[in-house]
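K.L.:
If you scroll down you'll find the structure; I have some questions about it.
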Amino acid sequence: MNWDRIECNWKQFKGNVKEKWGKLTDDQLDVIAGKRDQLAGKIQETYGVSKDEAEKQISE
């Protein structure tokens, strides 16, 4: 899916993100606001995975 589209419709996709990465808080997701690099960073930080693994999970 086109990430620009996700960024524009972040509120709709936020629920999907919360399903996959439940440890991320609403506040964190509001700050991320659909920005892929920030989401990858929060996944890395929260779940202790590498940047490559975070990017892989986002792509899936």
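Every chain in the structure tokens has a letter given in the order shown (A, B, ...), and although residue numbers restart at 1 in each chain, ligands are simply numbered from 1 in the order shown.
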Residues at most 12 Å from A:Asn2, counting only C-alpha atoms, excluding those fewer than 5 positions away in the same chain, as a list of chain:residue names?
P.N.:
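Counting only the stated atoms, we get A:Glu7, A:Cys8, A:Asn9, A:Gly34, A:Arg36, A:Ile58, A:Ser59.
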K.L.:
Find the residues of stretch 31-54 of chain A that sit at most 12 Å from stretch 14-19 of chain A; for each, write down the nearest two atoms and how far apart they are in Å, to one decimal. Count only C-alpha atoms. Sort by chain, then by number going up, and give it as CSV.
P.N.:
```
residue,atom,partner,partner_atom,distance
A:Val31,CA,A:Lys14,CA,11.7
A:Ile32,CA,A:Lys14,CA,10.1
A:Ala33,CA,A:Lys14,CA,8.7
A:Gly34,CA,A:Lys14,CA,8.3
A:Lys35,CA,A:Lys14,CA,11.6
A:Arg36,CA,A:Val17,CA,11.5
A:Leu39,CA,A:Val17,CA,9.4
A:Ala40,CA,A:Val17,CA,11.5
A:Lys42,CA,A:Val17,CA,11.8
A:Ile43,CA,A:Val17,CA,10.5
```
K.L.:
So which one's closest to A:Gly41, A:Ala54, A:Leu29, A:Ile6, A:Leu24? Using only C-alpha atoms, please.
P.N.:
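Using only C-alpha atoms, the shortest distance to A:Gly41 belongs to A:Ala54.
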